[in-house]
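Okay, structure first, notes after.
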Amino acid sequence: MSKDRPTIFALSSGRPPAAIAVVRLCGPRAGRALEKLIGRVPEPRHAALARVRNPADGETIDEALALWFPAPRSETGEDMAELQLHGGQAVIGAVLGALGRIEGCRPAEPGEFTRRAFINGRLDLTEVEGLADLIAAETPAQRRQAFRQLKGLIGDQAEAWRRQIVEALALVEARIDFADEADVPEDLIAPALGAAQQLRNTIATALADGGRGVRLRDGLVIAIAGPPNAGKSTLLNRLARREAAIVSPYPGTTRDVIEVHLDLGGYPVTLLDTAGIRASADPVEQEGIRRATARAAAADLVLWVIDSRSAEPAPVDIPESQVKTEYWLVHNKIDLVGDKLWINCESQSAAYDKEFAISAATGAGIEALIGALLGYARDYFAATESVLVTRARHRNALEETVAALDRALGQGASGHEELIAEELRAAATTLGRLTGRVDVEDILDVIFRDFCIGK
Ligand code: GDP
């Protein structure tokens with residue numbers, strides 16, 4: 001660890017004003033900075049009450065709790081200090097200003113603390129991602145998954161697999177390097193390929209979760225679709241209100257798709273309102289409709305809402321490629337049809353997995369629909385406690401590993417030893433990239449970019 005490395009500091013707690021503000025420092029001058037601000041370095045890992053003074057003129061800025069975490073037993077592996085200040089704008093401004101004037105100290109960039117923890121070997125890449133997910137987690141299931149990843153679930157597994165590949169590779173290389181020597185057994189290739197085969201099957205099993213881990217991270221996508229004025233927006237509002245747990249409502253990428261994030265029985269769900277999918281001559285509107293349709297078609301579940309008074313058949317056009325998407329038919333506005341039979345399009349009903357009759361306006365039938373949605377989410381995520389793969393990046397790396405192992409296995413026991421070795425090396429490299437053990441500079445920026453400053 002270089003002594004010239006800048007000491008970084010940042011406000012690590014939320015936006016002021018707040019009761020408490022946490023300012024963290026990390027780097028070789030962290031102790032020196034504490035001395036300048038509070039006149040001493042507290043006992044390691046013990047909270048100390050201290051006057052914080054401006055080193056320039058000695059003026060007291062605040063009274064704070066100070067903590068000192070000397071290297072290497074700190075989150076980043078470097079010297080770290082923490083000040084728990086009163087969370088006012090002026091207090092924070094004065095402290096950050098004073099820190100900025102200390103030689104060798106500068107404000108941290110987004111994710112820089114975590115980046116140092118990675119560089120110093122305190123976290124592997126999957127753990128870094130788990131940390132990002134934990135900070136972003138909106139539902140209990142997401143929190144549990146992120147925490148397991150932060151604690152090294154996939155990282156440790158990938159590292160164990162990588163070691164097994166390296167062992168198999170060592171057998172093949174021994175065969176290549178010492179082919180002529182009498183005391184090297186003839187048959188090293190077959191056991192190497194046997195190990196590769198077993199590993200290949202294990203990784204393929206981990207991959208065969210149908211993307212549930214990724215979904216748990218990003219949320220199950222439920223689209224509310226149907227003709228204009230069927231009551232889609234009303235239904236969305238009712239579902240959102242009933243759950244009373246809208247995590248972050250924000251407009252979608254187009255004006256035509258509204259997204260609402262829900263916590264449905266602990267599981268993350270993104271509700272899409274593809275309001276007004278209809279024929280239009282306006283090219284801008286057409287583009288919006290195209291996007292809304294595409295987004296709905298990629299959903300896990302489509303609630304196709306129709307007005308129960310309308311005799312028009314439900315025009316669901318289920319694309320062949322989207323066989324995974326479930327379609328539920330929702331007859332809305334049953335409050336307007338009295339005792340009349342609301343199923344007026346039975347011939348179409350067969351195309352749907354489930355059927356409901358509701359009034360989005362009065363709430364009739366909503367309980368049954370929500371119950372079914374809960375059941376759907378629960379079934380969908382049932383197996384996620386054991387899910388390993390939570391990001392497309394992990395999935396890609398593991399798929400590449402399996403492909404490389406397949407190529408090695410394709411050589412067979414009588415195959416080219418050099419080619420087998422080459423593919424095993426490629427398999428080990430892709431696994432190493434997963435945890436960040438090899439040439440990851442290019443992906444580092446992508447991963448750390450998502451972090452907030454002070455983390
Ligand atoms: P969207 O275009 O599919 O999003 O439809 P809206 O949610 O905007 O609803 C269209 C109209 O139908 C509005 O005037 C709603 O108040 C009304 N509406 C929606 N659901 C019901 C319902 O269950 N019963 C009745 N009576 N009116 C409803």
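Here's how to read the names in the structure tokens: chain A, B, ... by the order shown, residue numbers from 1 in each chain, ligand numbers from 1 in the order shown.
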
Give the residues close to ligand 1, within 12 Å, counting only C-alpha atoms and all ligand atoms; write them as JSON, numbers by chain.
{"A": [224, 225, 226, 227, 228, 229, 230, 231, 232, 233, 234, 235, 236, 237, 238, 256, 257, 258, 272, 273, 274, 275, 276, 277, 278, 303, 304, 305, 306, 307, 308, 309, 330, 331, 332, 333, 334, 335, 336, 337, 338, 357, 358, 359, 360, 361, 362, 363, 364, 365, 366]}

Neighbouring residues of Arg437 in chain A were defined as those with any atom within 9 Å, considering only C-alpha atoms; residues of the same chain fewer than 5 positions away were excluded. Please report them as an MDAnalysis selection string. chainID A and resid 124:125 429 431:432

What separates CA of Thr76 in chain A and CA of Ile119 in chain A is a distance of 8.6 Å

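Proximity of A:Ala10, A:Ala427, A:Ile222, A:Leu169 to Glu326 in chain A, computed with only C-alpha atoms, is greatest for A:Ile222.
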
Just the strand (DSSP E or B) stuff from range 53-211 of chain A, please, per backbone DSSP, written as number ranges by chain.
A: 53, 60-69, 80-87, 105-107

Could you go through range 64-305 of chain A and tell me which residues DSSP, when run on the backbone, assigns to alpha helix (DSSP H), listing them as a PyMOL selection string? chain A and resi 89-100+112-119+125-136+140-150+153-177+189-207+212-218+232-243+283-297

(request) Within 9 Å of Ala30 in chain A, counting only C-alpha atoms, which residues show up once you throw out same-chain ones fewer than 3 positions away? Write them as a PyMOL selection string, please. (result) chain A and resi 7-9+25-27+33-35+68+79-81+105

Expected file contents, prior selection, N, CA and C atoms, as a PDB file, in the first residue's frame:
ATOM      1  N   THR A   7      -5.584  10.334   0.689  1.00  0.00           N
ATOM      2  CA  THR A   7      -6.570  10.005   1.714  1.00  0.00           C
ATOM      3  C   THR A   7      -7.891  10.601   1.248  1.00  0.00           C
ATOM      4  N   ILE A   8      -8.909   9.762   1.228  1.00  0.00           N
ATOM      5  CA  ILE A   8     -10.192  10.218   0.699  1.00  0.00           C
ATOM      6  C   ILE A   8     -11.187  10.419   1.828  1.00  0.00           C
ATOM      7  N   PHE A   9     -12.113  11.331   1.611  1.00  0.00           N
ATOM      8  CA  PHE A   9     -13.146  11.547   2.632  1.00  0.00           C
ATOM      9  C   PHE A   9     -14.467  11.837   1.942  1.00  0.00           C
ATOM     10  N   LEU A  25     -13.183   8.772   6.497  1.00  0.00           N
ATOM     11  CA  LEU A  25     -11.886   9.021   5.867  1.00  0.00           C
ATOM     12  C   LEU A  25     -11.194   7.685   5.674  1.00  0.00           C
ATOM     13  N   CYS A  26     -10.398   7.617   4.637  1.00  0.00           N
ATOM     14  CA  CYS A  26      -9.672   6.383   4.374  1.00  0.00           C
ATOM     15  C   CYS A  26      -8.361   6.717   3.683  1.00  0.00           C
ATOM     16  N   GLY A  27      -7.281   6.178   4.238  1.00  0.00           N
ATOM     17  CA  GLY A  27      -5.978   6.385   3.602  1.00  0.00           C
ATOM     18  C   GLY A  27      -4.905   6.731   4.621  1.00  0.00           C
ATOM     19  N   ALA A  33      -5.347  13.508   9.919  1.00  0.00           N
ATOM     20  CA  ALA A  33      -6.509  14.381   9.778  1.00  0.00           C
ATOM     21  C   ALA A  33      -7.297  14.434  11.090  1.00  0.00           C
ATOM     22  N   LEU A  34      -7.418  13.284  11.768  1.00  0.00           N
ATOM     23  CA  LEU A  34      -8.107  13.272  13.062  1.00  0.00           C
ATOM     24  C   LEU A  34      -7.375  14.170  14.053  1.00  0.00           C
ATOM     25  N   GLU A  35      -6.056  14.038  14.073  1.00  0.00           N
ATOM     26  CA  GLU A  35      -5.266  14.876  14.994  1.00  0.00           C
ATOM     27  C   GLU A  35      -5.533  16.351  14.735  1.00  0.00           C
ATOM     28  N   TRP A  68     -11.729   5.318  15.228  1.00  0.00           N
ATOM     29  CA  TRP A  68     -10.452   5.093  14.546  1.00  0.00           C
ATOM     30  C   TRP A  68     -10.286   3.597  14.261  1.00  0.00           C
ATOM     31  N   ASP A  79      -6.008   2.586   6.817  1.00  0.00           N
ATOM     32  CA  ASP A  79      -6.407   3.383   7.978  1.00  0.00           C
ATOM     33  C   ASP A  79      -7.738   4.063   7.678  1.00  0.00           C
ATOM     34  N   MET A  80      -8.644   3.981   8.606  1.00  0.00           N
ATOM     35  CA  MET A  80      -9.933   4.645   8.402  1.00  0.00           C
ATOM     36  C   MET A  80     -10.340   5.389   9.655  1.00  0.00           C
ATOM     37  N   ALA A  81     -11.045   6.493   9.460  1.00  0.00           N
ATOM     38  CA  ALA A  81     -11.584   7.252  10.583  1.00  0.00           C
ATOM     39  C   ALA A  81     -13.014   7.636  10.259  1.00  0.00           C
ATOM     40  N   CYS A 105      -5.301  14.995   1.348  1.00  0.00           N
ATOM     41  CA  CYS A 105      -6.698  14.570   1.480  1.00  0.00           C
ATOM     42  C   CYS A 105      -7.523  15.154   0.337  1.00  0.00           C
TER      43      CYS A 105
END

When you look at range 39-52 of chain A with a cut-off of 9 Å (counting only C-alpha atoms), what residues show up, excluding the ones that are within fewer than 2 positions of it in the same chain? I need them as a PDB file with N, CA and C atoms, in the first residue's frame.
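File written: out.pdb
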ATOM      1  N   GLY A  31      -5.313   9.293  10.121  1.00  0.00           N
ATOM      2  CA  GLY A  31      -4.961   9.544  11.512  1.00  0.00           C
ATOM      3  C   GLY A  31      -4.510  10.982  11.714  1.00  0.00           C
ATOM      4  N   ARG A  32      -3.717  11.453  10.785  1.00  0.00           N
ATOM      5  CA  ARG A  32      -3.213  12.830  10.839  1.00  0.00           C
ATOM      6  C   ARG A  32      -4.386  13.822  10.776  1.00  0.00           C
ATOM      7  N   LEU A  34      -7.418  13.284  11.768  1.00  0.00           N
ATOM      8  CA  LEU A  34      -8.107  13.272  13.062  1.00  0.00           C
ATOM      9  C   LEU A  34      -7.375  14.170  14.053  1.00  0.00           C
ATOM     10  N   GLU A  35      -6.056  14.038  14.073  1.00  0.00           N
ATOM     11  CA  GLU A  35      -5.266  14.876  14.994  1.00  0.00           C
ATOM     12  C   GLU A  35      -5.533  16.351  14.735  1.00  0.00           C
ATOM     13  N   LYS A  36      -5.580  16.710  13.459  1.00  0.00           N
ATOM     14  CA  LYS A  36      -5.786  18.119  13.115  1.00  0.00           C
ATOM     15  C   LYS A  36      -7.172  18.591  13.535  1.00  0.00           C
ATOM     16  N   LEU A  37      -8.173  17.722  13.373  1.00  0.00           N
ATOM     17  CA  LEU A  37      -9.548  18.153  13.637  1.00  0.00           C
ATOM     18  C   LEU A  37      -9.941  18.020  15.102  1.00  0.00           C
ATOM     19  N   ASN A  54     -11.815  23.727  13.593  1.00  0.00           N
ATOM     20  CA  ASN A  54     -11.250  24.097  12.304  1.00  0.00           C
ATOM     21  C   ASN A  54      -9.749  24.318  12.487  1.00  0.00           C
ATOM     22  N   GLU A  59     -11.473  27.436  15.644  1.00  0.00           N
ATOM     23  CA  GLU A  59     -12.884  27.570  16.012  1.00  0.00           C
ATOM     24  C   GLU A  59     -13.557  26.205  16.128  1.00  0.00           C
ATOM     25  N   THR A  60     -14.358  26.054  17.173  1.00  0.00           N
ATOM     26  CA  THR A  60     -15.084  24.788  17.334  1.00  0.00           C
ATOM     27  C   THR A  60     -16.194  24.712  16.292  1.00  0.00           C
ATOM     28  N   ILE A  61     -16.224  23.604  15.550  1.00  0.00           N
ATOM     29  CA  ILE A  61     -17.277  23.412  14.546  1.00  0.00           C
ATOM     30  C   ILE A  61     -18.434  22.619  15.141  1.00  0.00           C
ATOM     31  N   ASP A  62     -18.112  21.605  15.910  1.00  0.00           N
ATOM     32  CA  ASP A  62     -19.159  20.714  16.417  1.00  0.00           C
ATOM     33  C   ASP A  62     -18.557  19.824  17.506  1.00  0.00           C
ATOM     34  N   GLU A  63     -19.444  19.108  18.192  1.00  0.00           N
ATOM     35  CA  GLU A  63     -18.982  18.047  19.087  1.00  0.00           C
ATOM     36  C   GLU A  63     -19.426  16.735  18.435  1.00  0.00           C
ATOM     37  N   ALA A  64     -18.537  15.775  18.360  1.00  0.00           N
ATOM     38  CA  ALA A  64     -18.837  14.579  17.564  1.00  0.00           C
ATOM     39  C   ALA A  64     -18.317  13.323  18.245  1.00  0.00           C
ATOM     40  N   LEU A  65     -18.779  12.204  17.732  1.00  0.00           N
ATOM     41  CA  LEU A  65     -18.166  10.932  18.112  1.00  0.00           C
ATOM     42  C   LEU A  65     -17.115  10.619  17.056  1.00  0.00           C
ATOM     43  N   ALA A  66     -15.934  10.238  17.511  1.00  0.00           N
ATOM     44  CA  ALA A  66     -14.867   9.911  16.572  1.00  0.00           C
ATOM     45  C   ALA A  66     -14.480   8.446  16.740  1.00  0.00           C
ATOM     46  N   LEU A  67     -14.233   7.801  15.614  1.00  0.00           N
ATOM     47  CA  LEU A  67     -13.816   6.394  15.645  1.00  0.00           C
ATOM     48  C   LEU A  67     -12.567   6.230  14.794  1.00  0.00           C
ATOM     49  N   TRP A  68     -11.729   5.318  15.228  1.00  0.00           N
ATOM     50  CA  TRP A  68     -10.452   5.093  14.546  1.00  0.00           C
ATOM     51  C   TRP A  68     -10.286   3.597  14.261  1.00  0.00           C
ATOM     52  N   PHE A  69     -10.111   3.280  12.993  1.00  0.00           N
ATOM     53  CA  PHE A  69      -9.944   1.877  12.572  1.00  0.00           C
ATOM     54  C   PHE A  69      -8.602   1.756  11.853  1.00  0.00           C
ATOM     55  N   PRO A  70      -7.522   1.454  12.594  1.00  0.00           N
ATOM     56  CA  PRO A  70      -6.220   1.381  11.915  1.00  0.00           C
ATOM     57  C   PRO A  70      -6.143   0.175  10.973  1.00  0.00           C
ATOM     58  N   LEU A  85     -21.177  13.416  13.231  1.00  0.00           N
ATOM     59  CA  LEU A  85     -21.414  14.829  13.517  1.00  0.00           C
ATOM     60  C   LEU A  85     -22.906  15.102  13.635  1.00  0.00           C
ATOM     61  N   VAL A  95     -16.740  20.848   8.068  1.00  0.00           N
ATOM     62  CA  VAL A  95     -15.839  19.705   8.293  1.00  0.00           C
ATOM     63  C   VAL A  95     -15.233  19.240   6.967  1.00  0.00           C
TER      64      VAL A  95
END
